[in-house]
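Working notes, structure below.
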Amino acid sequence: MDPAEGRMDFEFASLTRDLINEIEAKCNAEIAAARPIRTQILPREEAFQIPDLIRTKINLLPEGITQVRTVNIVGLDLQADGGTHVANTREVGRVALIKTRSKGANNKRIIIGLED
């Protein structure tokens, strides 16, 4: 990834322009909602009690990790995440589709970037 870019992976047989436009519009609506972001460090055992906290197909957290950082986009999403985050979604500004890639028969990737 490049600075000011992000990617989203989906399982779709096909990725139409209408669907891409819908995803972009919904992302921008959530950004404009000015949702606060809260982070928390939890003991591994407590974090793993939260349903859907880890959404990758396999758990990528090594057994030796005893604490899990969670990122809560209040009212929208809660996930285990070690990345850098804004304090409020409105800080992101608008995003736009940059490109799409096929990552396999049913795996599609959308690359988004920040609008100037």
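Labels for the structure tokens follow display order: chains A, B, ..., residues from 1 in each chain, ligands from 1.
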Residue set, chain A restricted to strand (DSSP E or B), as a VMD selection string: chain A and resid 5 to 11 36 to 43 67 to 73 77 to 80 88 95 to 102 107 to 114
Using only C-alpha atoms, determine which residues lie at most 12 Å from Val86 in chain A, disregarding the query and same-chain residues fewer than 2 positions distant; provide the list as a ChimeraX atom specification. /A:31,34-39,71-73,83-84,88-93
Tell me, as a list in words, which residues lie within 10 Å of range 13-17 of chain A, counting only C-alpha atoms; anything in the same chain fewer than 6 positions away does not count.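 My reading of the contact set: Ile23, Thr100, Arg101, Ser102, Gly104, Ala105, Asn106, Asn107, Lys108, Arg109 and Ile110 of chain A.
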Which of chain A end up as helix (DSSP H, G or I) when DSSP is run on this backbone - answer as an NGL selection string? :A and (17-32 or 44-47 or 89-92)
For range 48-53 of chain A, find every residue with an atom within 10 Å (counting only C-alpha atoms), except residues of its own chain fewer than 2 positions away, and show them as a PDB file with N, CA and C atoms, in the first residue's frame.
```
ATOM      1  N   LEU A  42      -7.030  -5.355  25.840  1.00  0.00           N
ATOM      2  CA  LEU A  42      -7.705  -6.367  26.653  1.00  0.00           C
ATOM      3  C   LEU A  42      -6.814  -7.601  26.803  1.00  0.00           C
ATOM      4  N   PRO A  43      -6.957  -8.305  27.929  1.00  0.00           N
ATOM      5  CA  PRO A  43      -6.292  -9.607  28.012  1.00  0.00           C
ATOM      6  C   PRO A  43      -6.806 -10.510  26.888  1.00  0.00           C
ATOM      7  N   ARG A  44      -5.935 -11.315  26.336  1.00  0.00           N
ATOM      8  CA  ARG A  44      -6.295 -12.182  25.218  1.00  0.00           C
ATOM      9  C   ARG A  44      -7.575 -12.970  25.476  1.00  0.00           C
ATOM     10  N   GLU A  45      -7.681 -13.566  26.650  1.00  0.00           N
ATOM     11  CA  GLU A  45      -8.850 -14.396  26.961  1.00  0.00           C
ATOM     12  C   GLU A  45     -10.140 -13.582  26.905  1.00  0.00           C
ATOM     13  N   GLU A  46     -10.092 -12.361  27.420  1.00  0.00           N
ATOM     14  CA  GLU A  46     -11.275 -11.491  27.407  1.00  0.00           C
ATOM     15  C   GLU A  46     -11.597 -11.050  25.979  1.00  0.00           C
ATOM     16  N   ARG A  55     -11.798 -11.375  12.203  1.00  0.00           N
ATOM     17  CA  ARG A  55     -12.599 -11.752  11.038  1.00  0.00           C
ATOM     18  C   ARG A  55     -11.787 -12.336   9.898  1.00  0.00           C
ATOM     19  N   THR A  56     -10.502 -12.516  10.102  1.00  0.00           N
ATOM     20  CA  THR A  56      -9.721 -13.172   9.067  1.00  0.00           C
ATOM     21  C   THR A  56     -10.095 -14.649   9.049  1.00  0.00           C
ATOM     22  N   VAL A  68      -4.574  -7.912  23.569  1.00  0.00           N
ATOM     23  CA  VAL A  68      -5.087  -7.623  22.236  1.00  0.00           C
ATOM     24  C   VAL A  68      -5.627  -6.192  22.225  1.00  0.00           C
ATOM     25  N   THR A  70      -8.014  -3.505  20.753  1.00  0.00           N
ATOM     26  CA  THR A  70      -9.252  -3.428  19.995  1.00  0.00           C
ATOM     27  C   THR A  70      -9.490  -1.994  19.555  1.00  0.00           C
ATOM     28  N   VAL A  71     -10.083  -1.851  18.392  1.00  0.00           N
ATOM     29  CA  VAL A  71     -10.453  -0.546  17.853  1.00  0.00           C
ATOM     30  C   VAL A  71     -11.960  -0.576  17.623  1.00  0.00           C
ATOM     31  N   ASP A  77     -18.336  -0.715  14.141  1.00  0.00           N
ATOM     32  CA  ASP A  77     -17.461  -1.874  14.040  1.00  0.00           C
ATOM     33  C   ASP A  77     -16.534  -1.961  15.240  1.00  0.00           C
ATOM     34  N   LEU A  78     -16.214  -3.164  15.646  1.00  0.00           N
ATOM     35  CA  LEU A  78     -15.242  -3.441  16.698  1.00  0.00           C
ATOM     36  C   LEU A  78     -14.377  -4.590  16.214  1.00  0.00           C
ATOM     37  N   GLN A  79     -13.054  -4.372  16.175  1.00  0.00           N
ATOM     38  CA  GLN A  79     -12.145  -5.409  15.713  1.00  0.00           C
ATOM     39  C   GLN A  79     -10.829  -5.346  16.456  1.00  0.00           C
ATOM     40  N   ALA A  80     -10.127  -6.477  16.458  1.00  0.00           N
ATOM     41  CA  ALA A  80      -8.736  -6.493  16.909  1.00  0.00           C
ATOM     42  C   ALA A  80      -7.935  -5.813  15.815  1.00  0.00           C
ATOM     43  N   ASP A  81      -7.103  -4.849  16.194  1.00  0.00           N
ATOM     44  CA  ASP A  81      -6.400  -4.079  15.170  1.00  0.00           C
ATOM     45  C   ASP A  81      -5.219  -3.358  15.796  1.00  0.00           C
TER      46      ASP A  81
END
```
Show which residues sit within 12 Å of Arg94 in chain A, as a compact mmCIF listing (two decimals) with N, CA and C atoms, in the first residue's frame. Count only C-alpha atoms, and ignore same-chain residues fewer than 2 positions away.
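out03.txt was written with the following content:
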```txt
# COMPACT_ATOMS: atom_id res chain seq x y z
N ALA A 4 -1.79 7.22 2.23
CA ALA A 4 -3.12 7.75 1.89
C ALA A 4 -3.94 6.77 1.05
N GLU A 5 -3.59 5.50 1.09
CA GLU A 5 -4.36 4.46 0.40
C GLU A 5 -4.72 3.36 1.38
N GLU A 24 -18.27 2.68 -2.28
CA GLU A 24 -17.63 3.98 -2.10
C GLU A 24 -18.59 4.96 -1.40
N ALA A 25 -19.84 5.00 -1.82
CA ALA A 25 -20.83 5.91 -1.22
C ALA A 25 -21.07 5.56 0.24
N LYS A 26 -21.18 4.27 0.55
CA LYS A 26 -21.41 3.87 1.93
C LYS A 26 -20.21 4.16 2.82
N CYS A 27 -19.00 3.98 2.30
CA CYS A 27 -17.80 4.34 3.07
C CYS A 27 -17.81 5.83 3.38
N ASN A 28 -18.10 6.66 2.39
CA ASN A 28 -18.11 8.10 2.61
C ASN A 28 -19.23 8.52 3.55
N ALA A 29 -20.35 7.84 3.52
CA ALA A 29 -21.44 8.15 4.47
C ALA A 29 -21.01 7.84 5.90
N GLU A 30 -20.31 6.73 6.10
CA GLU A 30 -19.84 6.39 7.45
C GLU A 30 -18.76 7.35 7.92
N ILE A 31 -17.89 7.78 7.02
CA ILE A 31 -16.87 8.76 7.37
C ILE A 31 -17.53 10.07 7.79
N ALA A 32 -18.53 10.51 7.02
CA ALA A 32 -19.23 11.77 7.31
C ALA A 32 -20.05 11.69 8.59
N ALA A 33 -20.36 10.49 9.06
CA ALA A 33 -21.15 10.32 10.29
C ALA A 33 -20.38 10.77 11.53
N ALA A 34 -19.10 11.06 11.38
CA ALA A 34 -18.25 11.56 12.47
C ALA A 34 -18.31 10.65 13.70
N THR A 89 -14.06 9.53 12.64
CA THR A 89 -14.07 9.21 11.21
C THR A 89 -14.02 10.43 10.31
N ARG A 90 -14.56 11.56 10.75
CA ARG A 90 -14.56 12.76 9.88
C ARG A 90 -13.15 13.25 9.56
N GLU A 91 -12.17 12.86 10.38
CA GLU A 91 -10.78 13.26 10.12
C GLU A 91 -10.24 12.66 8.83
N VAL A 92 -10.85 11.61 8.34
CA VAL A 92 -10.38 10.93 7.14
C VAL A 92 -10.64 11.78 5.89
N ALA A 96 -12.06 7.79 -2.40
CA ALA A 96 -12.48 7.49 -3.77
C ALA A 96 -11.81 6.20 -4.22
N LEU A 97 -12.48 5.49 -5.08
CA LEU A 97 -11.92 4.28 -5.67
C LEU A 97 -10.74 4.64 -6.54
N ILE A 112 -8.65 2.05 -2.28
CA ILE A 112 -9.23 3.38 -2.11
C ILE A 112 -8.15 4.36 -1.71
N GLY A 113 -8.38 5.62 -1.99
CA GLY A 113 -7.44 6.67 -1.61
C GLY A 113 -8.19 7.89 -1.13
N LEU A 114 -7.46 8.76 -0.48
CA LEU A 114 -8.06 9.98 0.02
C LEU A 114 -8.19 11.00 -1.09
N GLU A 115 -9.33 11.68 -1.15
CA GLU A 115 -9.51 12.76 -2.12
C GLU A 115 -8.82 14.01 -1.59
N ASP A 116 -8.31 14.83 -2.49
CA ASP A 116 -7.67 16.09 -2.08
C ASP A 116 -8.71 17.10 -1.65
```
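CA of Gln67 in chain A sits 8.1 Å away from CA of Ala47 in chain A.
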Smallest atom-to-atom distance to Glu11 in chain A: which of A:Ile111, A:Lys103, A:Leu61, A:Ala87, using only C-alpha atoms? A:Lys103
Just checking: using only C-alpha atoms, which residue out of A:Ile65, A:Leu76, A:Val95, A:Ile20 ends up closest to Ile41 in chain A?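 Smallest separation from Ile41 in chain A among the options: A:Ile65.
Distance check against Gly82 in chain A using only C-alpha atoms: of A:Asp9, A:Arg69, A:Ile98, A:Glu63, the minimum falls on A:Arg69.
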